[in-house]
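Report on the structure given below.
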Amino acid sequence: MTASTAPGQLPEKAKAPMTEANKNLLVRIVSALVLLPGVLALLWWGPQGAAALVAVAAALLAYEFYDISLKKLDPGQWAGMAAAAVLPILWAAYPKAYFSLVVLVVSALLVGLHIYYLLAGPLPEAPARVSLVFTGALYSGLLASFMVGLRLIPKTGFWWVLLAMVLTWINDTGAYAAGRGFGKHKLYPKVSPGKTWEGFAGGMLSAVAGALISKAIFFPELRLLDCCLLGVATSILGPLGDLSESMLKRAYGVKDSGKLIPGHGGLLDRVDALLFNLPFIYLYAVYIR
């Protein structure tokens, strides 16, 4: 014991003050524990709750997309956010006519954007603005609305949505852990220097294991083949969604999509992989199963 250490007191070097990484992890855990019950409650409520949740999320996702790419909001971008929010609501309200209504909404948006930027200018930037606003609306609203489609599946809709979330986030966690522990070979360093092939493999194994655990705990209707196919497919599509958002941020020199969720960054940072997984899981649930 050193002279500066009082009886019963740990030496200074043994106190191990909380690092910035540990603080960030604690904030992330608290944020998840606060938000997750409300999200699950809305999804459990039914297609209407899911539509309300996804509509708000889609508008926020579109806002983050535009904030990254176009910086300053204008009426065209507000129209894109509105279209993104309307798409999931339409699926809950008119499920049988949904895809016909999607064609009408996106057609109206595309025509309206061309007219607005033609008149508002500046003309050299108009084509790029139309493309970005249109892409942001579909990327945010159309992909996210497949959560409503899953929730509309009779009897098992909630469990399909929960499965999509479990597979996406357990894949992300498994890939992170495997990459930190064993990662040596870079997956796509130009876009995401931290991702490795070892992490990718660990994420795939985690996703398959997550599907098997889901089958055992809450979704006994799944077959072993379903668990394998869904685990493998989501472990490919999810990282592609993550890389796509990383590509967008790198193109515009942005680190995070926003600061909406403490410790997590923006909403787009949290659901980029889920957005790519949802359409596949919907098609699998409805047409393969």
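Identifiers for the structure tokens are assigned positionally: chains receive A, B, ... in sequence, residues are indexed from 1 per chain, and ligands are indexed from 1 in the order shown.
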
List as JSON lines every residue of region 209-251 of chain A that is in contact with region 157-171 of chain A, defined as an atom at most 10 Å from one of its atoms (using only C-alpha atoms), together with the nearest atom pair and the distance in Å rounded to one decimal, sorted by chain and then rising number.
{"residue": "A:Ala209", "atom": "CA", "partner": "A:Ile170", "partner_atom": "CA", "distance": 8.9}
{"residue": "A:Gly210", "atom": "CA", "partner": "A:Leu167", "partner_atom": "CA", "distance": 6.0}
{"residue": "A:Ala211", "atom": "CA", "partner": "A:Leu167", "partner_atom": "CA", "distance": 6.6}
{"residue": "A:Ile213", "atom": "CA", "partner": "A:Val166", "partner_atom": "CA", "distance": 9.8}
{"residue": "A:Ser214", "atom": "CA", "partner": "A:Leu163", "partner_atom": "CA", "distance": 6.9}
{"residue": "A:Lys215", "atom": "CA", "partner": "A:Leu163", "partner_atom": "CA", "distance": 9.2}
{"residue": "A:Phe218", "atom": "CA", "partner": "A:Trp159", "partner_atom": "CA", "distance": 7.4}
{"residue": "A:Phe219", "atom": "CA", "partner": "A:Trp159", "partner_atom": "CA", "distance": 6.6}
{"residue": "A:Glu221", "atom": "CA", "partner": "A:Trp159", "partner_atom": "CA", "distance": 10.0}
{"residue": "A:Cys227", "atom": "CA", "partner": "A:Leu167", "partner_atom": "CA", "distance": 9.9}
{"residue": "A:Leu230", "atom": "CA", "partner": "A:Leu167", "partner_atom": "CA", "distance": 8.2}
{"residue": "A:Gly231", "atom": "CA", "partner": "A:Leu167", "partner_atom": "CA", "distance": 6.7}
{"residue": "A:Val232", "atom": "CA", "partner": "A:Asn171", "partner_atom": "CA", "distance": 9.8}
{"residue": "A:Ala233", "atom": "CA", "partner": "A:Leu167", "partner_atom": "CA", "distance": 10.0}
{"residue": "A:Thr234", "atom": "CA", "partner": "A:Thr168", "partner_atom": "CA", "distance": 6.7}
{"residue": "A:Ser235", "atom": "CA", "partner": "A:Asn171", "partner_atom": "CA", "distance": 6.1}
{"residue": "A:Ile236", "atom": "CA", "partner": "A:Asn171", "partner_atom": "CA", "distance": 9.6}
{"residue": "A:Leu237", "atom": "CA", "partner": "A:Thr168", "partner_atom": "CA", "distance": 9.3}
{"residue": "A:Gly238", "atom": "CA", "partner": "A:Thr168", "partner_atom": "CA", "distance": 6.4}
{"residue": "A:Pro239", "atom": "CA", "partner": "A:Asn171", "partner_atom": "CA", "distance": 8.8}

Just want the 10 Å neighbourhood of Leu40 (chain A), counted on only C-alpha atoms, with same-chain residues fewer than 3 positions away dropped. Output as an mmCIF file with N, CA, C and O atoms, in the first residue's frame.
data_model
loop_
_atom_site.group_PDB
_atom_site.id
_atom_site.type_symbol
_atom_site.label_atom_id
_atom_site.label_comp_id
_atom_site.auth_asym_id
_atom_site.auth_seq_id
_atom_site.Cartn_x
_atom_site.Cartn_y
_atom_site.Cartn_z
ATOM 1 N N LEU A 35 -36.906 2.851 -25.193
ATOM 2 C CA LEU A 35 -37.677 2.924 -26.435
ATOM 3 C C LEU A 35 -38.348 1.607 -26.810
ATOM 4 O O LEU A 35 -39.457 1.606 -27.350
ATOM 5 N N LEU A 36 -37.675 0.485 -26.540
ATOM 6 C CA LEU A 36 -38.165 -0.800 -27.037
ATOM 7 C C LEU A 36 -39.561 -1.171 -26.534
ATOM 8 O O LEU A 36 -40.389 -1.644 -27.323
ATOM 9 N N PRO A 37 -39.894 -0.989 -25.253
ATOM 10 C CA PRO A 37 -41.250 -1.348 -24.816
ATOM 11 C C PRO A 37 -42.351 -0.607 -25.571
ATOM 12 O O PRO A 37 -43.385 -1.194 -25.921
ATOM 13 N N LEU A 43 -46.587 -2.243 -31.951
ATOM 14 C CA LEU A 43 -46.650 -3.363 -32.885
ATOM 15 C C LEU A 43 -47.650 -4.422 -32.421
ATOM 16 O O LEU A 43 -48.374 -5.015 -33.226
ATOM 17 N N TRP A 44 -47.708 -4.652 -31.110
ATOM 18 C CA TRP A 44 -48.655 -5.634 -30.569
ATOM 19 C C TRP A 44 -50.094 -5.156 -30.740
ATOM 20 O O TRP A 44 -51.007 -5.969 -30.916
ATOM 21 N N TRP A 45 -50.306 -3.867 -30.700
ATOM 22 C CA TRP A 45 -51.640 -3.284 -30.823
ATOM 23 C C TRP A 45 -52.324 -3.727 -32.113
ATOM 24 O O TRP A 45 -53.526 -3.957 -32.152
ATOM 25 N N GLY A 49 -51.471 0.293 -35.079
ATOM 26 C CA GLY A 49 -50.337 0.733 -34.275
ATOM 27 C C GLY A 49 -49.042 0.663 -35.054
ATOM 28 O O GLY A 49 -48.201 1.568 -34.972
ATOM 29 N N ALA A 50 -48.876 -0.430 -35.827
ATOM 30 C CA ALA A 50 -47.679 -0.559 -36.646
ATOM 31 C C ALA A 50 -47.612 0.552 -37.693
ATOM 32 O O ALA A 50 -46.539 1.119 -37.939
ATOM 33 N N LEU A 53 -46.607 3.846 -36.034
ATOM 34 C CA LEU A 53 -45.184 3.808 -35.696
ATOM 35 C C LEU A 53 -44.318 3.968 -36.937
ATOM 36 O O LEU A 53 -43.387 4.792 -36.966
ATOM 37 N N PHE A 158 -47.437 -10.384 -35.775
ATOM 38 C CA PHE A 158 -46.547 -9.777 -34.781
ATOM 39 C C PHE A 158 -45.248 -10.555 -34.660
ATOM 40 O O PHE A 158 -44.167 -9.975 -34.525
ATOM 41 N N VAL A 161 -42.839 -9.820 -37.491
ATOM 42 C CA VAL A 161 -42.172 -8.532 -37.282
ATOM 43 C C VAL A 161 -41.075 -8.680 -36.235
ATOM 44 O O VAL A 161 -39.945 -8.189 -36.420
ATOM 45 N N LEU A 162 -41.401 -9.334 -35.134
ATOM 46 C CA LEU A 162 -40.409 -9.529 -34.075
ATOM 47 C C LEU A 162 -39.228 -10.335 -34.593
ATOM 48 O O LEU A 162 -38.059 -10.037 -34.265
#

How close does region 96-209 of chain A get to region 243-251 of chain A? List, as a tab-separated table, each residue of region 96-209 of chain A within 10 Å, its nearest atom pair and the distance in Å to one decimal, counting only C-alpha atoms.
residue	atom	partner	partner_atom	distance
A:Tyr188	CA	A:Leu243	CA	8.5
A:Lys190	CA	A:Met247	CA	8.8
A:Val191	CA	A:Met247	CA	5.6
A:Ser192	CA	A:Ser246	CA	6.6
A:Lys195	CA	A:Leu243	CA	9.4

Item to check | Members of region 30-210 of chain A assigned alpha helix (DSSP H) by DSSP, as a ChimeraX atom specification | outcome: /A:30-45,47-69,75-93,98-120,126-137,143-151,157-182,197-210

Item to check | CA of Trp91 (chain A) to CA of Ala108 (chain A), distance in Å rounded to a single decimal | outcome: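 Result for CA of Trp91 (chain A) versus CA of Ala108 (chain A): 17.4 Å, one decimal.
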
Checklist entry - Within 8 Å of Tyr66 (chain A), counting only C-alpha atoms, which residues qualify if same-chain residues fewer than 4 places away don't, as a VMD selection string? => result chain A and resid 62 70 to 73 77 132 to 133 136

Next on the checklist: Can you pull out the residues contacting Val105 (chain A)? Cut-off 9 Å, using only C-alpha atoms, and skip same-chain residues under 6 positions away; I want them as a ChimeraX atom specification.
Outcome noted: /A:83,86-87

Checklist entry - Between A:Ile281, A:Leu268, A:Leu152, A:Ile217, which has the minimum distance to Gly241 (chain A) (counting only C-alpha atoms)? => result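 Closest to Gly241 (chain A), using only C-alpha atoms: A:Leu268.
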
Checklist entry - By how many Å are CA of Phe146 (chain A) and CA of Leu240 (chain A) apart? => result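 So the answer is 17.6 Å.
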
Item to check | Who sits within 7 Å of Gly199 (chain A), only C-alpha atoms, same chain under 2 positions skipped, as a ChimeraX atom specification | outcome: /A:175-176,178-179,183,195-197,201-203

Item to check | Distance criterion (only C-alpha atoms): nearest to Ala126 (chain A) out of A:Gly76, A:Ala58, A:Ile153, A:Met81 | outcome: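 For Ala126 (chain A), the nearest of the candidates is A:Gly76.
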
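One finds CA of Leu222 (chain A) at 16.9 Å from CA of Ser206 (chain A).
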
Item to check | strand (DSSP E or B) positions in region 14-195 of chain A, given as number ranges by chain | outcome: A: 186-188, 192-195

Store the residues picked out above, limited to N, CA and C atoms, as an mmCIF file, in the first residue's frame.
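Just written: out_18.cif:
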data_model
loop_
_atom_site.group_PDB
_atom_site.id
_atom_site.type_symbol
_atom_site.label_atom_id
_atom_site.label_comp_id
_atom_site.auth_asym_id
_atom_site.auth_seq_id
_atom_site.Cartn_x
_atom_site.Cartn_y
_atom_site.Cartn_z
ATOM 1 N N LYS A 186 -10.464 -7.328 -44.335
ATOM 2 C CA LYS A 186 -11.457 -6.277 -44.524
ATOM 3 C C LYS A 186 -12.515 -6.715 -45.544
ATOM 4 N N LEU A 187 -13.775 -6.394 -45.231
ATOM 5 C CA LEU A 187 -14.881 -6.745 -46.112
ATOM 6 C C LEU A 187 -15.012 -5.754 -47.261
ATOM 7 N N TYR A 188 -15.083 -4.456 -46.958
ATOM 8 C CA TYR A 188 -15.235 -3.430 -47.985
ATOM 9 C C TYR A 188 -14.660 -2.128 -47.426
ATOM 10 N N SER A 192 -16.686 0.911 -45.493
ATOM 11 C CA SER A 192 -16.764 0.679 -44.052
ATOM 12 C C SER A 192 -15.503 -0.043 -43.589
ATOM 13 N N PRO A 193 -14.485 0.705 -43.170
ATOM 14 C CA PRO A 193 -13.201 0.094 -42.813
ATOM 15 C C PRO A 193 -13.274 -0.887 -41.651
ATOM 16 N N GLY A 194 -14.285 -0.778 -40.803
ATOM 17 C CA GLY A 194 -14.361 -1.629 -39.626
ATOM 18 C C GLY A 194 -14.923 -3.014 -39.884
ATOM 19 N N LYS A 195 -15.576 -3.223 -41.011
ATOM 20 C CA LYS A 195 -16.216 -4.515 -41.277
ATOM 21 C C LYS A 195 -15.187 -5.518 -41.829
#
